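Heads up, model-v2.txt below (compact mmCIF, N, CA and C atoms and all ligand atoms):
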```txt
# COMPACT_ATOMS: atom_id res chain seq x y z
N MET A 1 186.69 201.84 126.42
CA MET A 1 187.83 200.92 126.20
C MET A 1 187.43 199.50 126.60
N MET A 2 187.71 198.55 125.74
CA MET A 2 187.47 197.15 126.08
C MET A 2 188.59 196.31 125.47
N THR A 3 188.69 195.08 125.93
CA THR A 3 189.67 194.17 125.34
C THR A 3 188.94 193.31 124.31
N VAL A 4 189.42 193.37 123.07
CA VAL A 4 188.80 192.58 122.00
C VAL A 4 189.85 191.65 121.42
N ASN A 5 189.58 190.37 121.50
CA ASN A 5 190.51 189.36 121.00
C ASN A 5 191.93 189.58 121.55
N GLY A 6 191.97 189.93 122.83
CA GLY A 6 193.24 190.05 123.52
C GLY A 6 193.92 191.40 123.41
N GLU A 7 193.32 192.33 122.66
CA GLU A 7 193.96 193.64 122.50
C GLU A 7 193.05 194.73 123.04
N PRO A 8 193.63 195.74 123.72
CA PRO A 8 192.81 196.87 124.15
C PRO A 8 192.31 197.65 122.94
N ARG A 9 191.01 197.89 122.88
CA ARG A 9 190.45 198.63 121.74
C ARG A 9 189.56 199.75 122.26
N GLN A 10 189.65 200.87 121.58
CA GLN A 10 188.86 202.05 121.96
C GLN A 10 188.04 202.46 120.74
N ALA A 11 186.74 202.63 120.92
CA ALA A 11 185.91 203.13 119.82
C ALA A 11 185.49 204.56 120.16
N ASP A 12 185.65 205.45 119.20
CA ASP A 12 185.31 206.85 119.44
C ASP A 12 183.90 207.15 118.93
N ASP A 13 183.33 208.20 119.48
CA ASP A 13 182.03 208.72 119.02
C ASP A 13 180.90 207.70 119.10
N VAL A 14 180.96 206.81 120.07
CA VAL A 14 179.88 205.84 120.24
C VAL A 14 178.71 206.53 120.92
N TRP A 15 177.52 206.44 120.32
CA TRP A 15 176.36 207.06 120.97
C TRP A 15 175.75 206.07 121.95
N PRO A 16 175.03 206.56 122.97
CA PRO A 16 174.62 205.70 124.09
C PRO A 16 173.82 204.46 123.70
N GLY A 17 173.04 204.52 122.62
CA GLY A 17 172.21 203.36 122.27
C GLY A 17 172.87 202.37 121.34
N GLU A 18 174.12 202.60 121.02
CA GLU A 18 174.78 201.75 120.02
C GLU A 18 175.07 200.37 120.59
N ASN A 19 174.85 199.33 119.76
CA ASN A 19 175.10 197.99 120.30
C ASN A 19 176.51 197.51 119.99
N LEU A 20 176.91 196.49 120.73
CA LEU A 20 178.28 195.97 120.61
C LEU A 20 178.54 195.45 119.20
N LEU A 21 177.53 194.84 118.58
CA LEU A 21 177.72 194.30 117.23
C LEU A 21 178.10 195.41 116.26
N TYR A 22 177.41 196.54 116.33
CA TYR A 22 177.71 197.66 115.44
C TYR A 22 179.14 198.16 115.68
N VAL A 23 179.50 198.27 116.94
CA VAL A 23 180.84 198.77 117.27
C VAL A 23 181.91 197.81 116.74
N LEU A 24 181.69 196.52 116.93
CA LEU A 24 182.68 195.54 116.45
C LEU A 24 182.82 195.62 114.93
N ARG A 25 181.69 195.63 114.24
CA ARG A 25 181.72 195.57 112.78
C ARG A 25 182.11 196.90 112.14
N GLU A 26 181.45 197.95 112.58
CA GLU A 26 181.58 199.23 111.86
C GLU A 26 182.65 200.14 112.42
N ARG A 27 182.97 199.99 113.68
CA ARG A 27 183.96 200.91 114.26
C ARG A 27 185.31 200.25 114.49
N LEU A 28 185.30 198.95 114.74
CA LEU A 28 186.57 198.28 115.03
C LEU A 28 187.03 197.37 113.89
N GLY A 29 186.29 197.34 112.80
CA GLY A 29 186.74 196.60 111.62
C GLY A 29 186.77 195.09 111.80
N LEU A 30 185.80 194.56 112.54
CA LEU A 30 185.72 193.11 112.76
C LEU A 30 184.37 192.60 112.21
N PRO A 31 184.30 192.30 110.92
CA PRO A 31 183.02 191.94 110.31
C PRO A 31 182.65 190.47 110.45
N GLY A 32 183.44 189.70 111.21
CA GLY A 32 183.15 188.26 111.35
C GLY A 32 181.79 188.00 111.98
N SER A 33 181.47 188.73 113.02
CA SER A 33 180.15 188.58 113.66
C SER A 33 179.12 189.17 112.71
N LYS A 34 178.10 188.38 112.39
CA LYS A 34 177.15 188.80 111.36
C LYS A 34 175.90 189.44 111.96
N ASN A 35 175.31 190.32 111.16
CA ASN A 35 174.07 190.97 111.56
C ASN A 35 172.94 190.46 110.68
N ALA A 36 172.15 189.54 111.21
CA ALA A 36 171.05 189.00 110.42
C ALA A 36 169.70 189.51 110.90
N CYS A 37 169.50 189.62 112.22
CA CYS A 37 168.17 190.03 112.70
C CYS A 37 168.24 191.26 113.60
N GLU A 38 169.33 191.42 114.29
CA GLU A 38 169.53 192.51 115.25
C GLU A 38 168.43 192.54 116.32
N GLN A 39 167.88 191.36 116.59
CA GLN A 39 166.81 191.26 117.60
C GLN A 39 167.04 190.12 118.57
N GLY A 40 168.22 189.52 118.55
CA GLY A 40 168.48 188.42 119.47
C GLY A 40 167.83 187.11 119.09
N GLU A 41 167.43 186.99 117.81
CA GLU A 41 166.70 185.78 117.40
C GLU A 41 167.56 184.74 116.70
N CYS A 42 168.66 185.16 116.07
CA CYS A 42 169.33 184.24 115.13
C CYS A 42 170.69 183.73 115.57
N GLY A 43 171.35 184.45 116.45
CA GLY A 43 172.67 184.00 116.95
C GLY A 43 173.82 184.24 116.00
N SER A 44 173.57 184.88 114.86
CA SER A 44 174.68 185.09 113.91
C SER A 44 175.72 186.07 114.44
N CYS A 45 175.36 186.80 115.48
CA CYS A 45 176.25 187.82 116.06
C CYS A 45 176.92 187.32 117.35
N SER A 46 176.88 186.00 117.59
CA SER A 46 177.37 185.46 118.87
C SER A 46 178.84 185.80 119.12
N VAL A 47 179.12 186.31 120.30
CA VAL A 47 180.49 186.56 120.75
C VAL A 47 180.57 186.13 122.22
N LEU A 48 181.78 186.08 122.72
CA LEU A 48 181.98 185.81 124.14
C LEU A 48 182.24 187.13 124.85
N LEU A 49 181.48 187.37 125.91
CA LEU A 49 181.69 188.55 126.74
C LEU A 49 182.11 188.04 128.11
N ASP A 50 183.35 188.29 128.46
CA ASP A 50 183.92 187.72 129.68
C ASP A 50 183.67 186.21 129.74
N GLY A 51 183.80 185.55 128.59
CA GLY A 51 183.69 184.10 128.52
C GLY A 51 182.28 183.57 128.39
N THR A 52 181.29 184.44 128.45
CA THR A 52 179.89 184.02 128.34
C THR A 52 179.36 184.32 126.94
N LEU A 53 178.67 183.35 126.37
CA LEU A 53 178.11 183.53 125.03
C LEU A 53 176.97 184.54 125.08
N VAL A 54 177.06 185.57 124.23
CA VAL A 54 176.00 186.57 124.16
C VAL A 54 175.72 186.91 122.71
N CYS A 55 174.54 187.46 122.47
CA CYS A 55 174.24 188.05 121.17
C CYS A 55 174.75 189.49 121.22
N ALA A 56 175.73 189.79 120.39
CA ALA A 56 176.32 191.13 120.44
C ALA A 56 175.32 192.22 120.07
N CYS A 57 174.25 191.83 119.32
CA CYS A 57 173.25 192.83 118.95
C CYS A 57 172.39 193.23 120.14
N LEU A 58 172.40 192.43 121.21
CA LEU A 58 171.58 192.74 122.38
C LEU A 58 172.38 193.39 123.50
N VAL A 59 173.68 193.55 123.30
CA VAL A 59 174.53 194.14 124.33
C VAL A 59 174.84 195.58 123.93
N LEU A 60 174.57 196.51 124.81
CA LEU A 60 174.97 197.88 124.52
C LEU A 60 176.48 197.97 124.56
N ALA A 61 177.03 198.75 123.67
CA ALA A 61 178.48 198.91 123.65
C ALA A 61 178.96 199.37 125.03
N ALA A 62 178.17 200.22 125.68
CA ALA A 62 178.57 200.74 126.99
C ALA A 62 178.68 199.61 128.02
N GLN A 63 177.86 198.56 127.85
CA GLN A 63 177.92 197.44 128.79
C GLN A 63 179.21 196.64 128.63
N ALA A 64 179.83 196.74 127.47
CA ALA A 64 181.07 196.00 127.23
C ALA A 64 182.29 196.80 127.66
N ASP A 65 182.06 198.06 128.00
CA ASP A 65 183.17 198.91 128.41
C ASP A 65 183.90 198.29 129.60
N GLY A 66 185.21 198.11 129.48
CA GLY A 66 186.00 197.54 130.57
C GLY A 66 185.98 196.02 130.60
N HIS A 67 185.32 195.41 129.62
CA HIS A 67 185.19 193.95 129.63
C HIS A 67 185.98 193.31 128.48
N ASN A 68 185.94 191.98 128.50
CA ASN A 68 186.73 191.19 127.58
C ASN A 68 185.81 190.55 126.53
N VAL A 69 186.05 190.87 125.26
CA VAL A 69 185.21 190.36 124.18
C VAL A 69 186.06 189.48 123.27
N VAL A 70 185.51 188.33 122.91
CA VAL A 70 186.17 187.47 121.91
C VAL A 70 185.18 187.26 120.78
N THR A 71 185.62 187.58 119.57
CA THR A 71 184.80 187.36 118.38
C THR A 71 185.36 186.16 117.62
N VAL A 72 184.68 185.79 116.54
CA VAL A 72 185.15 184.65 115.75
C VAL A 72 186.58 184.90 115.25
N GLU A 73 186.90 186.16 115.00
CA GLU A 73 188.26 186.45 114.53
C GLU A 73 189.31 186.10 115.59
N GLY A 74 188.90 186.12 116.85
CA GLY A 74 189.84 185.88 117.94
C GLY A 74 190.02 184.40 118.26
N LEU A 75 189.20 183.55 117.65
CA LEU A 75 189.34 182.11 117.94
C LEU A 75 190.51 181.50 117.19
N ALA A 76 190.71 181.94 115.94
CA ALA A 76 191.77 181.37 115.13
C ALA A 76 193.12 181.74 115.73
N ASN A 77 194.07 180.85 115.53
CA ASN A 77 195.41 181.07 116.06
C ASN A 77 196.30 181.55 114.91
N GLY A 78 196.45 182.88 114.81
CA GLY A 78 197.21 183.44 113.70
C GLY A 78 196.55 183.07 112.38
N ASP A 79 197.33 182.48 111.46
CA ASP A 79 196.79 182.08 110.17
C ASP A 79 196.11 180.72 110.24
N GLY A 80 196.32 179.99 111.34
CA GLY A 80 195.73 178.66 111.47
C GLY A 80 194.28 178.75 111.92
N LEU A 81 193.47 177.79 111.49
CA LEU A 81 192.08 177.78 111.90
C LEU A 81 191.93 177.15 113.28
N HIS A 82 190.89 177.57 113.98
CA HIS A 82 190.50 176.92 115.23
C HIS A 82 189.97 175.52 114.89
N PRO A 83 190.18 174.52 115.76
CA PRO A 83 189.69 173.17 115.48
C PRO A 83 188.20 173.13 115.14
N VAL A 84 187.42 173.99 115.74
CA VAL A 84 185.98 174.00 115.42
C VAL A 84 185.77 174.50 113.98
N GLN A 85 186.54 175.49 113.58
CA GLN A 85 186.43 175.98 112.20
C GLN A 85 186.81 174.87 111.22
N GLU A 86 187.89 174.17 111.52
CA GLU A 86 188.31 173.06 110.65
C GLU A 86 187.21 172.00 110.55
N ALA A 87 186.62 171.67 111.70
CA ALA A 87 185.59 170.63 111.72
C ALA A 87 184.37 171.06 110.90
N PHE A 88 183.99 172.33 110.97
CA PHE A 88 182.84 172.80 110.18
C PHE A 88 183.12 172.64 108.69
N ILE A 89 184.33 172.95 108.29
CA ILE A 89 184.67 172.81 106.86
C ILE A 89 184.68 171.34 106.47
N GLU A 90 185.33 170.52 107.27
CA GLU A 90 185.46 169.09 106.92
C GLU A 90 184.12 168.37 106.91
N ALA A 91 183.25 168.75 107.81
CA ALA A 91 181.95 168.08 107.89
C ALA A 91 180.96 168.63 106.86
N GLY A 92 181.34 169.64 106.13
CA GLY A 92 180.42 170.23 105.13
C GLY A 92 179.30 171.00 105.79
N ALA A 93 179.60 171.65 106.93
CA ALA A 93 178.57 172.36 107.69
C ALA A 93 178.43 173.82 107.27
N VAL A 94 179.14 174.20 106.24
CA VAL A 94 179.09 175.60 105.79
C VAL A 94 178.47 175.64 104.40
N GLN A 95 177.33 176.32 104.28
CA GLN A 95 176.77 176.51 102.93
C GLN A 95 176.88 178.00 102.59
N CYS A 96 175.87 178.80 102.86
CA CYS A 96 176.06 180.23 102.57
C CYS A 96 177.05 180.85 103.55
N GLY A 97 177.16 180.27 104.73
CA GLY A 97 178.16 180.71 105.70
C GLY A 97 177.71 181.84 106.61
N PHE A 98 176.49 182.33 106.41
CA PHE A 98 176.09 183.49 107.21
C PHE A 98 175.95 183.15 108.69
N CYS A 99 175.49 181.95 108.98
CA CYS A 99 175.30 181.54 110.38
C CYS A 99 176.60 181.02 111.00
N THR A 100 177.59 180.74 110.14
CA THR A 100 178.75 179.97 110.60
C THR A 100 179.56 180.66 111.71
N PRO A 101 179.88 181.94 111.60
CA PRO A 101 180.67 182.54 112.68
C PRO A 101 180.01 182.39 114.06
N GLY A 102 178.70 182.63 114.10
CA GLY A 102 177.99 182.50 115.37
C GLY A 102 178.00 181.07 115.87
N LEU A 103 177.80 180.12 114.95
CA LEU A 103 177.81 178.71 115.36
C LEU A 103 179.19 178.27 115.82
N VAL A 104 180.20 178.78 115.17
CA VAL A 104 181.57 178.42 115.57
C VAL A 104 181.87 178.95 116.98
N VAL A 105 181.47 180.18 117.25
CA VAL A 105 181.71 180.74 118.59
C VAL A 105 180.89 179.96 119.63
N ALA A 106 179.63 179.65 119.30
CA ALA A 106 178.78 178.92 120.25
C ALA A 106 179.33 177.51 120.49
N THR A 107 179.84 176.88 119.43
CA THR A 107 180.40 175.53 119.59
C THR A 107 181.68 175.57 120.41
N ALA A 108 182.52 176.54 120.14
CA ALA A 108 183.76 176.66 120.92
C ALA A 108 183.43 176.86 122.40
N ALA A 109 182.42 177.66 122.68
CA ALA A 109 182.03 177.89 124.08
C ALA A 109 181.51 176.60 124.70
N LEU A 110 180.72 175.85 123.93
CA LEU A 110 180.19 174.57 124.44
C LEU A 110 181.33 173.61 124.77
N LEU A 111 182.27 173.45 123.84
CA LEU A 111 183.33 172.46 124.05
C LEU A 111 184.30 172.90 125.15
N GLU A 112 184.35 174.19 125.38
CA GLU A 112 185.18 174.70 126.48
C GLU A 112 184.63 174.22 127.82
N ARG A 113 183.28 174.26 127.95
CA ARG A 113 182.70 173.87 129.25
C ARG A 113 182.32 172.39 129.27
N SER A 114 182.16 171.78 128.11
CA SER A 114 181.76 170.37 128.06
C SER A 114 182.45 169.72 126.86
N PRO A 115 183.67 169.21 127.04
CA PRO A 115 184.45 168.72 125.91
C PRO A 115 183.83 167.54 125.17
N GLN A 116 182.99 166.76 125.84
CA GLN A 116 182.34 165.61 125.18
C GLN A 116 180.83 165.74 125.35
N PRO A 117 180.22 166.68 124.67
CA PRO A 117 178.80 166.94 124.91
C PRO A 117 177.90 165.84 124.34
N SER A 118 176.79 165.60 125.04
CA SER A 118 175.77 164.70 124.51
C SER A 118 175.02 165.42 123.39
N ASP A 119 174.23 164.66 122.63
CA ASP A 119 173.42 165.28 121.57
C ASP A 119 172.46 166.32 122.15
N ASP A 120 171.91 166.00 123.33
CA ASP A 120 171.00 166.97 123.95
C ASP A 120 171.73 168.26 124.32
N GLU A 121 172.95 168.10 124.83
CA GLU A 121 173.73 169.30 125.17
C GLU A 121 174.03 170.13 123.92
N ILE A 122 174.38 169.43 122.83
CA ILE A 122 174.67 170.16 121.58
C ILE A 122 173.42 170.91 121.13
N ARG A 123 172.28 170.21 121.15
CA ARG A 123 171.02 170.82 120.72
C ARG A 123 170.71 172.06 121.56
N GLU A 124 170.88 171.91 122.86
CA GLU A 124 170.60 173.02 123.78
C GLU A 124 171.56 174.19 123.52
N ALA A 125 172.85 173.85 123.38
CA ALA A 125 173.87 174.90 123.23
C ALA A 125 173.70 175.68 121.93
N LEU A 126 173.20 175.02 120.90
CA LEU A 126 173.09 175.68 119.59
C LEU A 126 171.67 176.12 119.29
N SER A 127 170.80 176.02 120.29
CA SER A 127 169.39 176.32 120.04
C SER A 127 169.15 177.79 119.70
N GLY A 128 170.08 178.64 120.04
CA GLY A 128 169.92 180.07 119.73
C GLY A 128 170.52 180.48 118.41
N ASN A 129 171.06 179.49 117.67
CA ASN A 129 171.72 179.82 116.41
C ASN A 129 170.93 179.22 115.24
N LEU A 130 170.38 180.06 114.42
CA LEU A 130 169.55 179.60 113.31
C LEU A 130 170.37 179.45 112.03
N CYS A 131 170.08 178.37 111.29
CA CYS A 131 170.70 178.15 109.99
C CYS A 131 169.59 177.84 109.01
N ARG A 132 169.58 178.54 107.88
CA ARG A 132 168.51 178.34 106.90
C ARG A 132 168.94 177.39 105.79
N CYS A 133 170.18 176.94 105.82
CA CYS A 133 170.68 176.17 104.68
C CYS A 133 170.87 174.68 104.96
N THR A 134 171.46 174.33 106.08
CA THR A 134 172.05 173.00 106.22
C THR A 134 171.10 171.94 106.76
N GLY A 135 170.03 172.34 107.39
CA GLY A 135 169.18 171.36 108.06
C GLY A 135 169.80 170.84 109.34
N TYR A 136 170.89 171.43 109.75
CA TYR A 136 171.54 171.20 111.06
C TYR A 136 172.31 169.88 111.18
N GLN A 137 172.00 168.88 110.34
CA GLN A 137 172.68 167.60 110.52
C GLN A 137 174.20 167.73 110.39
N LYS A 138 174.63 168.46 109.36
CA LYS A 138 176.07 168.63 109.14
C LYS A 138 176.69 169.46 110.25
N ILE A 139 175.91 170.36 110.80
CA ILE A 139 176.42 171.17 111.92
C ILE A 139 176.65 170.26 113.13
N PHE A 140 175.69 169.37 113.39
CA PHE A 140 175.88 168.42 114.49
C PHE A 140 177.10 167.54 114.23
N ASP A 141 177.25 167.10 112.98
CA ASP A 141 178.43 166.28 112.64
C ASP A 141 179.71 167.07 112.95
N ALA A 142 179.70 168.35 112.61
CA ALA A 142 180.90 169.18 112.83
C ALA A 142 181.20 169.30 114.32
N VAL A 143 180.17 169.47 115.13
CA VAL A 143 180.39 169.60 116.58
C VAL A 143 180.97 168.29 117.13
N ARG A 144 180.39 167.17 116.68
CA ARG A 144 180.91 165.87 117.16
C ARG A 144 182.34 165.66 116.70
N LEU A 145 182.65 166.05 115.48
CA LEU A 145 184.01 165.92 114.96
C LEU A 145 184.98 166.78 115.77
N ALA A 146 184.59 168.00 116.06
CA ALA A 146 185.45 168.88 116.86
C ALA A 146 185.65 168.30 118.26
N ALA A 147 184.59 167.72 118.82
CA ALA A 147 184.70 167.13 120.16
C ALA A 147 185.65 165.94 120.17
N GLN A 148 185.62 165.15 119.10
CA GLN A 148 186.53 163.99 119.02
C GLN A 148 187.98 164.42 119.08
N ARG A 149 188.22 165.62 118.54
CA ARG A 149 189.61 166.09 118.48
C ARG A 149 190.02 166.81 119.74
S1 LIG B 1 171.89 189.57 114.74
FE1 LIG B 1 172.04 189.24 116.87
S2 LIG B 1 170.74 187.55 117.25
FE2 LIG B 1 170.47 187.96 115.14
S1 LIG B 2 174.89 177.95 106.12
FE1 LIG B 2 173.47 179.42 105.35
S2 LIG B 2 172.37 180.06 107.11
FE2 LIG B 2 173.62 178.44 107.81
```
In C-alpha cells, what does this structure look like?
Amino acid sequence: MMTVNGEPRQADDVWPGENLLYVLRERLGLPGSKNACEQGECGSCSVLLDGTLVCACLVLAAQADGHNVVTVEGLANGDGLHPVQEAFIEAGAVQCGFCTPGLVVATAALLERSPQPSDDEIREALSGNLCRCTGYQKIFDAVRLAAQR
C-alpha cells in the first residue's frame, strides 16, 4: 500500500523485483511516467518519492510501500494544468513529448525548493533528464517562464 497522488493505492501480485515505474504504469494505470531506458539514465520516469525526485525505474516497488508518490498526473489540479506544464507548452518545449513528463516533475521539484533558480541551478536540476528533440534551449525557456510566474 502506498499513497499515489494523494490517494491510497494497493497493487496486487507484485513480485519482489518489480520496479515502481512498472507498478505505476502497468498495475495502477498511470502511464504519464515514461519508460525509455529503465536504467536510470534518461529521467523520463521521474517521480517524487516523499518529495524527493527519483527515477521510478530504479526504485523497487517494495521500497515505495508505505510512502508517498507523486507522478506527473498528480501535479495537475483537476482539469487545469500545472504552471510548469503550461510554461512548457507556451515556450514550445514539447516536441515528441517523451521526455516531457519527467522534465515537468523535475522542474516542479526544482521550483519548489528554489523558486528563482539560476541557470546553473536549472542545468544541475535537469541534468538527469535527457531530451533528444529540443536541444534544451526551449526547455530552459520554459523553466524560466514557470519561475517568473
Ligand atoms: S526510464 Fe528511468 S531513467 Fe530512463
Ligand atoms: S521532446 Fe522528444 S525527447 Fe524531449
Next on the checklist: Taking only chain A into account, list the residues labelled strand (DSSP E or B) by DSSP (computed from the backbone), as a PyMOL selection string.
Outcome noted: chain A and resi 2-4+7-9+19+46-49+52-55+60+68-70+77+80
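Each of A:Ser118, A:Gln137, A:Gln148, A:Asn129 was checked against ligand LIG 1 (chain B) using all atoms listed in the file; the smallest atom-to-atom distance is that of A:Asn129.
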Checklist entry - Out of segment 4-88 of chain A, which residues get alpha helix (DSSP H) from DSSP, as a ChimeraX atom specification? => result /A:20-22,61-64,72-75,83-88
How big is the axis-aligned box around all listed atoms of ligand LIG 1 (chain B) once 6 Å goes on each side, and where's its centre, in Å to one decimal, as JSON?
```
{"center_x": 171.3, "center_y": 188.6, "center_z": 116.0, "size_x": 13.6, "size_y": 14.0, "size_z": 14.5}
```
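Between Asn68 of chain A and the residues A:Lys34, A:Arg123, A:His82, A:Arg9, the shortest atom-to-atom distance, using only C-alpha atoms, involves A:Arg9.
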Item to check | Polymer residues at most 7 Å from Gly6 of chain A, only N, CA and C atoms, same-chain spacing of 4 or more positions, as a PyMOL selection string | outcome: chain A and resi 69-70+74
Checklist entry - If you count only C-alpha atoms and all ligand atoms, which residues end up within 9 Å of ligand LIG 2 (chain B), as a ChimeraX atom specification? => result /A:44,93-100,103,129-136,139
Next on the checklist: Could you list, as a VMD selection string, all protein and nucleic acid residues with an atom at most 7 Å from ligand LIG 1 (chain B), counting all atoms listed in the file?
Outcome noted: chain A and resid 34 to 46 55 to 58
Item to check | Who sits within 7 Å of His67 of chain A, all atoms listed in the file, same chain under 5 positions skipped, as number ranges by chain | outcome: A: 1-4, 49-50
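With distances restricted to only C-alpha atoms, A:Val143 is the closest residue to Leu126 of chain A from A:Leu30, A:Val23, A:Val143, A:Val84.
Pairwise distance (atom CA of Gly102 of chain A, atom CA of Val72 of chain A) equals 7.5 Å.
Nearest residue to Glu124 of chain A, choosing from A:Phe140, A:Leu48, A:Ala11, A:Glu112 and counting only C-alpha atoms: A:Phe140.
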Item to check | Between atom C of Leu111 of chain A and atom C of Arg27 of chain A, distance in Å (one decimal) | outcome: 29.4 Å
Checklist entry - How many Å lie between atom C of Leu75 of chain A and atom C of Asp120 of chain A, rounded to one decimal? => result 24.1 Å
File output for segment 27-35 of chain A (all heavy atoms) as an mmCIF file, in the first residue's frame:
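And here's part_10.cif as it stands now:
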```cif
data_model
loop_
_atom_site.group_PDB
_atom_site.id
_atom_site.type_symbol
_atom_site.label_atom_id
_atom_site.label_comp_id
_atom_site.auth_asym_id
_atom_site.auth_seq_id
_atom_site.Cartn_x
_atom_site.Cartn_y
_atom_site.Cartn_z
ATOM 1 N N ARG A 27 0.211 -1.497 -13.380
ATOM 2 C CA ARG A 27 -0.718 -2.024 -12.375
ATOM 3 C C ARG A 27 -1.670 -0.954 -11.847
ATOM 4 O O ARG A 27 -2.772 -1.272 -11.423
ATOM 5 C CB ARG A 27 0.051 -2.655 -11.207
ATOM 6 C CG ARG A 27 0.940 -3.809 -11.625
ATOM 7 C CD ARG A 27 1.356 -4.629 -10.435
ATOM 8 N NE ARG A 27 2.296 -5.686 -10.815
ATOM 9 C CZ ARG A 27 1.933 -6.876 -11.290
ATOM 10 N NH1 ARG A 27 0.657 -7.173 -11.456
ATOM 11 N NH2 ARG A 27 2.846 -7.774 -11.576
ATOM 12 N N LEU A 28 -1.230 0.290 -11.839
ATOM 13 C CA LEU A 28 -2.085 1.343 -11.285
ATOM 14 C C LEU A 28 -2.655 2.268 -12.364
ATOM 15 O O LEU A 28 -3.348 3.234 -12.047
ATOM 16 C CB LEU A 28 -1.300 2.165 -10.242
ATOM 17 C CG LEU A 28 -0.787 1.378 -9.026
ATOM 18 C CD1 LEU A 28 -0.062 2.301 -8.055
ATOM 19 C CD2 LEU A 28 -1.923 0.652 -8.298
ATOM 20 N N GLY A 29 -2.371 1.989 -13.617
ATOM 21 C CA GLY A 29 -2.987 2.752 -14.704
ATOM 22 C C GLY A 29 -2.547 4.201 -14.786
ATOM 23 O O GLY A 29 -3.329 5.077 -15.126
ATOM 24 N N LEU A 30 -1.270 4.452 -14.486
ATOM 25 C CA LEU A 30 -0.735 5.818 -14.554
ATOM 26 C C LEU A 30 0.416 5.844 -15.583
ATOM 27 O O LEU A 30 1.592 5.734 -15.221
ATOM 28 C CB LEU A 30 -0.238 6.256 -13.169
ATOM 29 C CG LEU A 30 -1.334 6.444 -12.122
ATOM 30 C CD1 LEU A 30 -0.722 6.555 -10.728
ATOM 31 C CD2 LEU A 30 -2.184 7.662 -12.430
ATOM 32 N N PRO A 31 0.107 6.015 -16.856
ATOM 33 C CA PRO A 31 1.138 5.920 -17.889
ATOM 34 C C PRO A 31 1.916 7.209 -18.126
ATOM 35 O O PRO A 31 2.739 7.278 -19.039
ATOM 36 C CB PRO A 31 0.326 5.556 -19.142
ATOM 37 C CG PRO A 31 -1.001 6.216 -18.907
ATOM 38 C CD PRO A 31 -1.238 6.199 -17.411
ATOM 39 N N GLY A 32 1.684 8.237 -17.303
ATOM 40 C CA GLY A 32 2.376 9.516 -17.512
ATOM 41 C C GLY A 32 3.885 9.387 -17.388
ATOM 42 O O GLY A 32 4.637 9.934 -18.196
ATOM 43 N N SER A 33 4.347 8.669 -16.397
ATOM 44 C CA SER A 33 5.794 8.442 -16.242
ATOM 45 C C SER A 33 6.228 7.499 -17.355
ATOM 46 O O SER A 33 5.654 6.426 -17.509
ATOM 47 C CB SER A 33 6.091 7.807 -14.880
ATOM 48 O OG SER A 33 5.414 8.486 -13.848
ATOM 49 N N LYS A 34 7.240 7.911 -18.105
ATOM 50 C CA LYS A 34 7.619 7.143 -19.293
ATOM 51 C C LYS A 34 8.783 6.192 -19.017
ATOM 52 O O LYS A 34 9.625 6.452 -18.166
ATOM 53 C CB LYS A 34 8.005 8.098 -20.432
ATOM 54 C CG LYS A 34 6.860 8.989 -20.876
ATOM 55 C CD LYS A 34 5.782 8.183 -21.569
ATOM 56 C CE LYS A 34 4.594 9.013 -22.003
ATOM 57 N NZ LYS A 34 3.484 8.980 -21.062
ATOM 58 N N ASN A 35 8.795 5.120 -19.800
ATOM 59 C CA ASN A 35 9.874 4.147 -19.703
ATOM 60 C C ASN A 35 10.712 4.222 -20.971
ATOM 61 O O ASN A 35 10.315 3.722 -22.010
ATOM 62 C CB ASN A 35 9.301 2.735 -19.537
ATOM 63 C CG ASN A 35 10.398 1.701 -19.362
ATOM 64 O OD1 ASN A 35 11.581 2.019 -19.502
ATOM 65 N ND2 ASN A 35 10.022 0.478 -19.071
#
```
